[in-house]
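Here the structure comes first, spelled out in C-alpha cells, and everything after it is commentary.
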2 protein chains.
Amino acid sequence: MDALDRFYSVIPAGGIGSRLWPLSRADAPKFLHDLTGSGTTLLRATWDRLLPMCGPDRIMVVTGRAHRAAVEDQLPALEDLNVVLESEPKDSSAAIGLAAAILHHRDPDVIIGSFAADHVINDVRSFHRAVGEAVAAAEAGYIATIGITPTEPAIGFGYIRSGAELKIDGAPSALGVQSFVEKPKLAVAKKYLADGHYLWNAGMFISRADLLLKQLGESEPELLEGLLELAAAWDTSHRGSTVDRIWPRLKKIAIDYTVAEPAGKAGLMAVIPGDFDWSDVGDFAAIGKLHANGRKSDLTILGENARVLSDASSGVVVSQSGRLISLIGVKDIVVVDTPDALLVTTSANAQRVKSVVDAIKLSGQSDVL
Amino acid sequence: MDALDRFYSVIPAGGIGSRLWPLSRADAPKFLHDLTGSGTTLLRATWDRLLPMCGPDRIMVVTGRAHRAAVEDQLPALEDLNVVLESEPKDSSAAIGLAAAILHHRDPDVIIGSFAADHVINDVRSFHRAVGEAVAAAEAGYIATIGITPTEPAIGFGYIRSGAELKIDGAPSALGVQSFVEKPKLAVAKKYLADGHYLWNAGMFISRADLLLKQLGESEPELLEGLLELAAAWDTSHRGSTVDRIWPRLKKIAIDYTVAEPAGKAGLMAVIPGDFDWSDVGDFAAIGKLHANGRKSDLTILGENARVLSDASSGVVVSQSGRLISLIGVKDIVVVDTPDALLVTTSANAQRVKSVVDAIKLSGQSDVL
C-alpha cells in the first residue's frame, strides 16, 4: 500500500490568535476568519489545501467543544469520526498526540501530518510537492517537517538549521536537522537569512503515528499513557467518562519540546525545504503584507459591507461594525472596529497587541476578549 | 441710565462645527457639547460667563428651530422673549442683525454684544473687564470688538491690525482698527506675532444696535429692510407669516463683511485688547491643546463612561459609543468613536476633517453628518 494512501492530515484548530484581537477572540478565533479577503475562512482554506492529498475521509480536526458547530459549518464534509473535541485547551502535544493515538489505534501503519488551521499558503502545487516528500521521509522512518525558505529576516518565527542531504527515496530535497532555534533578534535573523541553511519553522510535522507517539513517550511518559488510554476508549461507549477523567490532568506543552527538538537531537528529524509562500498571519502587520504584496502605500480593508473613507492613509482596516470609518493622513495605521471594542495602533506595534489583551484580562474587562 | 444697564448679550448658536465631525453634526452641533471636560456644554458656559454682566433677562439666543428644545434644556432661565429661531441658517449678518433689530424695536437705546456660543474662555474676570470697556466704546459711538492678544502664530484665525489709542472714557485700552486681515500663512502669522499690533479676531462685536443696523444697511440695504420688517412683526401675531415670507429670501453673508470691515474703513471700529485665554475649539487639535496645557505626551479623553486603554499613546480620544478603545503606540492621534461613525486622524491633520465631511456629502452618506 502506497504511503500516501496511509496518510492522514490532522488540523489542530485551537489558538485564539491574541495578536489579532479584537478581531480574533475566544468565541471567534483566528481560524474562523477570512483574513485574506478570499471569501473563505483560514480553516476552510486549510481543508481545501489538504483535500487533494487526503480526501474528505482522512482529515481530522482537533478543536474546542465551543467551536464544534462553527467548524462543522465550515467543513460540511468533515466526518464525525474525524472530529476530536477538547474539553479544555491542552497545547499541541496533547492535541496532536491524541489525534495520532486515535488514528494509530484504528490503523497501526498510519502516517500523520499536522497542519495549523490558521496559516496561509497560496502556492498549493509546491505545498503538495513538499508534503509528498515529507510523507516519503516519514515512510523512511523520519519525523519530517517542512521548513519555509525565508524571504526576509523575520523575528516572529523560530528557525530550523538544516544539515546534510538525507538521500531518501521519494524525498530528494530532504535534509537533516542540525537544530531548532528560537525566535531570533533582528541581527541574528539577518545572519540566518544570509547563511542560507536556516528555514522558518512552520510547525508542520509529518511522521508515522507510532514513531511520533514513541518520541512523545520518551519525553513525557505520563502524557503518552493518558493519550493511549484515551485512544483505546475513543471509539467505545467509555469515551466521555475517559475524557472527563484523563484530559484535565494532561500536561500542557508544545509538541516542539516533546517531539521535534528531542527527535532533532536524536537524528530522527528530516526537513523538506518549502519554496512556497507562507504566512502564519501572526499579527495585523502580516495581514497588511499579505494583501499589499509589498506596496507600502496600500490600505487593506477587511470586512463585509465595509464603509471606509481614506484620505492619504495606509495600513489595515478591519470593519465589523458597519459604521462609517474615516481615516485622514494616518500612515501604516491599524484600525480594528468591532461592535464592542476598537483597536488603533500601527503596523510597527502590531506584535504588542497581545500585551494589551493581557492588560484587559487584568483589568477585569474580559467581556471583550 | 448707565450704558451697562442697556447692554444685551446676543448668542448666535448656529454653526455645526464640521471640523469636529463626527462628534459635532447637524443634530448635535458643537455648542451642545462639553469639549473642555468641565461638565457643561459650550453654550451653557457662554451663558454662565455673560450672566454676571447682563442677568438672565438680557441674554438673547439665536438658533435653529431644530435646536430649540436642546437650547432651552441647557438654559432653563432663558426667557421665551429672548429666543429667536431661524427656519434655516442665514449666516451671521441675518442672525445678529435680526437680534439687533428686535431689541432696537423694543428699546431704541439698546447696546448689544454678540458672543459665539461655542468658544472657550476661562479667565472670566478679564473677559468682563474687556466687555465693560467695549460697552463704554459702544456708548461713545464706536462699533467695538475684543481682539485677543496672540500667544502663538496661529493660522486658523483672522487678525485685527490695531491702530492709535482712542482715549475713550471708560475704555482706557481702546484702540482704533487699521484693518481686518484674513487667516494668514504661517510666515505671515509669525510676523504678526512679532509685530505686536495684531490681535486675533474672536468675532465679538459690541455696538449700539442702531449704529450696527445703520452700518448693515449701508452695506446691504435689502437685508436691513427685511430685518426691520421682521422686527416690527416679531412681537405681534404676524411673526410666523412674516418669517415665512421674508427669512428664506435674506442674503447669507458674514457680519465681518457687512459691518466690521466697512466700519473699520470708516474709522468707526474700536478694538479692546483681550489678555485672557481664548479658544474657538476649532478642531480636535484645539481640544487636545485645551486639555493638555502644552504637555505633548498627554492623552485627552472626552466622553462619559469612556473605556480607554492607552499604551505609549498621546492625542485626543472622544468616546461616545461605550466600547472599549485600545491605543498602542500612536502619537498625536485623534480617535472619535461615535455609534455610527469613526474618525481616525492626527492632530496635524485636524483641519482636514472638514474636507472629509464634504466628501461624505458627495458620497451620499449624509446620514452620519
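We label chains A, B, ... in the order they appear in the C-alpha cells, count residues from 1 in each chain, and number ligands from 1 in the order shown.
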When the cut-off is 10 Å and we count only C-alpha atoms, which residues of chain B are near chain A, given as an mmCIF file with C-alpha atoms, in the first residue's frame?
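Below is the file that was written, result00.cif:
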data_model
loop_
_atom_site.group_PDB
_atom_site.id
_atom_site.type_symbol
_atom_site.label_atom_id
_atom_site.label_comp_id
_atom_site.auth_asym_id
_atom_site.auth_seq_id
_atom_site.Cartn_x
_atom_site.Cartn_y
_atom_site.Cartn_z
ATOM 1 C CA PRO B 22 -18.282 63.004 13.820
ATOM 2 C CA ARG B 307 -13.280 52.984 28.471
ATOM 3 C CA VAL B 308 -9.835 53.681 27.084
ATOM 4 C CA LEU B 309 -6.671 51.603 27.411
ATOM 5 C CA SER B 310 -3.633 53.536 26.253
ATOM 6 C CA ASP B 311 -0.126 52.186 25.798
ATOM 7 C CA SER B 313 -0.063 56.904 23.001
ATOM 8 C CA SER B 321 -20.131 54.533 21.891
ATOM 9 C CA GLY B 322 -19.301 52.923 25.224
ATOM 10 C CA ARG B 323 -16.958 50.496 23.501
ATOM 11 C CA LEU B 324 -13.540 49.615 24.840
ATOM 12 C CA ILE B 325 -10.960 51.686 22.968
ATOM 13 C CA SER B 326 -7.401 50.414 22.940
ATOM 14 C CA LEU B 327 -4.494 52.502 21.658
ATOM 15 C CA ILE B 328 -0.989 51.146 21.194
ATOM 16 C CA GLY B 329 1.968 53.299 20.209
ATOM 17 C CA VAL B 330 0.016 56.014 18.378
ATOM 18 C CA LYS B 331 1.286 59.564 18.942
ATOM 19 C CA ILE B 333 -3.627 60.561 17.372
ATOM 20 C CA VAL B 334 -7.239 61.694 17.114
ATOM 21 C CA VAL B 335 -9.849 58.960 17.573
ATOM 22 C CA VAL B 336 -13.514 59.936 17.603
ATOM 23 C CA ASP B 337 -15.739 56.982 18.301
ATOM 24 C CA THR B 338 -19.478 57.508 17.845
ATOM 25 C CA PRO B 339 -22.250 54.959 17.396
ATOM 26 C CA ASP B 340 -22.429 55.319 13.612
ATOM 27 C CA ALA B 341 -19.102 56.825 12.547
ATOM 28 C CA LEU B 342 -15.441 56.547 13.495
ATOM 29 C CA LEU B 343 -12.731 59.076 12.701
ATOM 30 C CA VAL B 344 -9.016 58.319 12.967
ATOM 31 C CA THR B 345 -6.572 61.086 12.164
ATOM 32 C CA THR B 346 -3.736 63.034 13.793
ATOM 33 C CA SER B 347 -3.518 66.464 15.405
ATOM 34 C CA ALA B 348 -1.541 67.695 12.403
ATOM 35 C CA ASN B 349 -4.400 66.729 10.085
ATOM 36 C CA ALA B 350 -7.192 68.076 12.282
ATOM 37 C CA ARG B 352 -8.648 68.471 7.099
ATOM 38 C CA VAL B 353 -11.649 66.924 8.825
ATOM 39 C CA SER B 355 -12.882 68.153 3.679
ATOM 40 C CA VAL B 356 -13.891 64.647 4.698
ATOM 41 C CA VAL B 357 -17.299 65.953 5.711
ATOM 42 C CA ALA B 359 -16.538 64.099 0.722
ATOM 43 C CA ILE B 360 -19.188 62.297 2.759
ATOM 44 C CA SER B 363 -20.751 60.223 -1.437
ATOM 45 C CA GLN B 365 -23.793 59.033 3.146
ATOM 46 C CA VAL B 368 -23.749 60.246 9.504
#
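Contact shell of A:Lys90 at 12 Å (only C-alpha atoms; same-chain neighbours under 5 positions omitted): Pro12, Gly14, Gly15, Val62, Thr63, Gly64, Leu85, Ala95, Ile96, Gly97, Leu98, Leu223, Leu227, Ile246, Trp247, Pro248, Arg249, Leu250, Lys251, Lys252, Ile253, Ala254 and Ile255 of chain A.
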- Using DSSP on the backbone coordinates, identify all residues within stretch 84-127 of chain A classified as strand (DSSP E or B); present the result as a PyMOL selection string. chain A and resi 84-86+111-114+120
Keeping C-alpha atoms, export the residues of the selection given above as a PDB file, in the first residue's frame.
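Okay, this is what ended up in again.pdb:
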ATOM      1  CA  VAL A  84     -11.820  15.404  18.128  1.00  0.00           C
ATOM      2  CA  LEU A  85     -13.161  17.786  20.745  1.00  0.00           C
ATOM      3  CA  GLU A  86     -11.087  19.152  23.598  1.00  0.00           C
ATOM      4  CA  ILE A 111       1.237   8.325   8.719  1.00  0.00           C
ATOM      5  CA  ILE A 112       0.008  11.658  10.022  1.00  0.00           C
ATOM      6  CA  GLY A 113       0.800  15.237   9.137  1.00  0.00           C
ATOM      7  CA  SER A 114      -0.250  18.113  11.343  1.00  0.00           C
ATOM      8  CA  VAL A 120      -1.927  30.940   4.595  1.00  0.00           C
TER       9      VAL A 120
END
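Picture a line from atom CA of B:Gln320 to atom CA of B:Glu304; it runs 7.4 Å.
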- Assign secondary structure with DSSP using the backbone only, and return the residues of stretch 160-356 of chain A in helix (DSSP H, G or I) as a ChimeraX atom specification. /A:186-195,209-219,221-234,239-249,255-265,284-292,347-356
- Among the residues B:Ser93, B:Ser219, B:Ser87, B:Ser207, the one that comes closest to B:Val271 [using only C-alpha atoms]: B:Ser207
- Task: Identify, on the basis of only C-alpha atoms, every residue whose closest approach to B:Ala77 does not exceed 10 Å; exclude the query and any residue fewer than 3 positions from it along the same chain; express the result as a ChimeraX atom specification.
- Result: /B:47,55-57,59,72-74,80
Restricting the output to N, CA and C atoms, write the selected residues as a short mmCIF file (atom, residue, chain, number, x, y, z; two decimals), in the first residue's frame.
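Saved file part.cif follows:
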data_model
loop_
_atom_site.label_atom_id
_atom_site.label_comp_id
_atom_site.auth_asym_id
_atom_site.auth_seq_id
_atom_site.Cartn_x
_atom_site.Cartn_y
_atom_site.Cartn_z
N TRP B 47 -23.31 81.20 28.39
CA TRP B 47 -24.38 81.81 29.20
C TRP B 47 -23.86 82.19 30.59
N GLY B 55 -27.47 89.56 33.42
CA GLY B 55 -28.63 88.96 34.07
C GLY B 55 -29.38 88.09 33.09
N PRO B 56 -30.27 87.23 33.60
CA PRO B 56 -30.93 86.24 32.72
C PRO B 56 -31.92 86.86 31.74
N ASP B 57 -32.39 88.07 32.01
CA ASP B 57 -33.41 88.64 31.12
C ASP B 57 -32.82 89.45 29.97
N ILE B 59 -30.13 88.24 27.92
CA ILE B 59 -29.33 87.39 27.04
C ILE B 59 -30.27 86.77 26.01
N GLU B 72 -33.12 75.23 25.17
CA GLU B 72 -33.92 75.56 26.36
C GLU B 72 -33.61 74.60 27.51
N ASP B 73 -33.25 73.38 27.14
CA ASP B 73 -32.86 72.41 28.16
C ASP B 73 -31.55 72.84 28.83
N GLN B 74 -30.64 73.37 28.02
CA GLN B 74 -29.35 73.83 28.55
C GLN B 74 -29.50 75.12 29.35
N ASP B 80 -38.53 83.21 27.03
CA ASP B 80 -39.15 82.98 25.72
C ASP B 80 -38.95 84.17 24.78
#
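Across the structure, atom CA of A:Gly141 and atom CA of A:Phe157 are spaced 26.8 Å apart.
When the distance limit is 12 Å and only C-alpha atoms are what count, the residues near A:Ala45, minus those fewer than 3 positions from it on the same chain, are Ile11, Phe31, Leu32, His33, Asp34, Leu35, Thr36, Gly37, Ser38, Gly39, Thr40, Thr41, Leu42, Asp48, Arg49, Leu50, Leu51, Gln74, Leu75, Phe115, Ala116, Ala117, Asp118, His119, Val120, Ile121, Asn122 and Val124 of chain A.
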Can I get the selected residues back with N, CA and C atoms, as a compact mmCIF listing (two decimals), in the first residue's frame?
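Saved to result_37.txt:
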# COMPACT_ATOMS: atom_id res chain seq x y z
N ILE A 11 -5.62 18.61 11.66
CA ILE A 11 -5.65 20.08 11.76
C ILE A 11 -5.99 20.46 13.20
N PHE A 31 -8.83 31.11 13.25
CA PHE A 31 -9.03 30.18 12.14
C PHE A 31 -10.44 30.27 11.54
N LEU A 32 -11.35 30.95 12.25
CA LEU A 32 -12.71 31.10 11.72
C LEU A 32 -12.89 32.41 10.95
N HIS A 33 -11.79 33.16 10.73
CA HIS A 33 -11.88 34.42 9.99
C HIS A 33 -11.31 34.28 8.59
N ASP A 34 -11.83 35.11 7.72
CA ASP A 34 -11.25 35.27 6.38
C ASP A 34 -10.28 36.45 6.47
N LEU A 35 -9.02 36.18 6.59
CA LEU A 35 -8.03 37.26 6.75
C LEU A 35 -7.35 37.62 5.44
N THR A 36 -7.71 36.92 4.38
CA THR A 36 -7.03 37.17 3.11
C THR A 36 -7.94 37.87 2.11
N GLY A 37 -9.20 38.02 2.46
CA GLY A 37 -10.13 38.62 1.51
C GLY A 37 -10.53 37.64 0.41
N SER A 38 -10.25 36.34 0.62
CA SER A 38 -10.54 35.33 -0.40
C SER A 38 -12.00 34.90 -0.37
N GLY A 39 -12.68 35.22 0.72
CA GLY A 39 -14.06 34.77 0.86
C GLY A 39 -14.19 33.49 1.65
N THR A 40 -13.05 32.87 2.03
CA THR A 40 -13.14 31.66 2.85
C THR A 40 -12.34 31.85 4.13
N THR A 41 -12.75 31.15 5.17
CA THR A 41 -12.01 31.21 6.43
C THR A 41 -10.67 30.51 6.27
N LEU A 42 -9.74 30.82 7.19
CA LEU A 42 -8.44 30.16 7.15
C LEU A 42 -8.61 28.65 7.32
N ASP A 48 -9.29 22.87 2.21
CA ASP A 48 -9.28 22.81 0.74
C ASP A 48 -7.89 22.46 0.21
N ARG A 49 -6.85 22.92 0.93
CA ARG A 49 -5.48 22.69 0.51
C ARG A 49 -5.07 21.23 0.73
N LEU A 50 -5.63 20.62 1.80
CA LEU A 50 -5.26 19.24 2.13
C LEU A 50 -6.10 18.21 1.39
N LEU A 51 -7.29 18.64 0.98
CA LEU A 51 -8.26 17.73 0.38
C LEU A 51 -7.70 16.92 -0.79
N GLN A 74 -18.20 25.16 8.73
CA GLN A 74 -17.18 25.48 7.74
C GLN A 74 -16.81 24.28 6.89
N LEU A 75 -16.85 23.10 7.51
CA LEU A 75 -16.37 21.88 6.84
C LEU A 75 -17.48 20.84 6.81
N PHE A 115 -1.07 20.18 10.44
CA PHE A 115 -1.02 21.46 9.74
C PHE A 115 -1.93 22.45 10.44
N ALA A 116 -1.37 23.59 10.84
CA ALA A 116 -2.15 24.59 11.57
C ALA A 116 -3.38 25.01 10.77
N ALA A 117 -4.44 25.34 11.49
CA ALA A 117 -5.71 25.72 10.86
C ALA A 117 -5.72 27.16 10.40
N ASP A 118 -4.67 27.93 10.79
CA ASP A 118 -4.77 29.38 10.57
C ASP A 118 -3.55 29.97 9.87
N HIS A 119 -2.95 29.18 9.00
CA HIS A 119 -1.85 29.70 8.18
C HIS A 119 -2.33 29.87 6.75
N VAL A 120 -1.56 30.67 5.98
CA VAL A 120 -1.93 30.94 4.59
C VAL A 120 -0.83 30.45 3.66
N ILE A 121 -1.22 29.66 2.68
CA ILE A 121 -0.31 29.21 1.61
C ILE A 121 -1.08 29.32 0.30
N ASN A 122 -0.53 30.02 -0.64
CA ASN A 122 -1.25 30.17 -1.92
C ASN A 122 -0.75 29.20 -2.99
N VAL A 124 -0.30 26.09 -3.83
CA VAL A 124 -0.72 24.77 -3.36
C VAL A 124 0.08 23.66 -4.03
- Query: In terms of the shortest atom-to-atom distance over only C-alpha atoms, which of A:Val316, A:Ala202, A:Val10, A:Leu20 is closest to A:Thr300?
  - Reply: A:Val316
- Identify, on the basis of only C-alpha atoms, every residue whose closest approach to stretch 99-105 of chain B does not exceed 6 Å; exclude the query and any residue fewer than 4 positions from it along the same chain; express the result as a PyMOL selection string. chain B and resi 209+228+231
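Each of B:Gly170, B:Gly364, B:Pro184, B:Gly203 was compared to B:Tyr257 using only C-alpha atoms, and B:Gly203 turns out to be the nearest.
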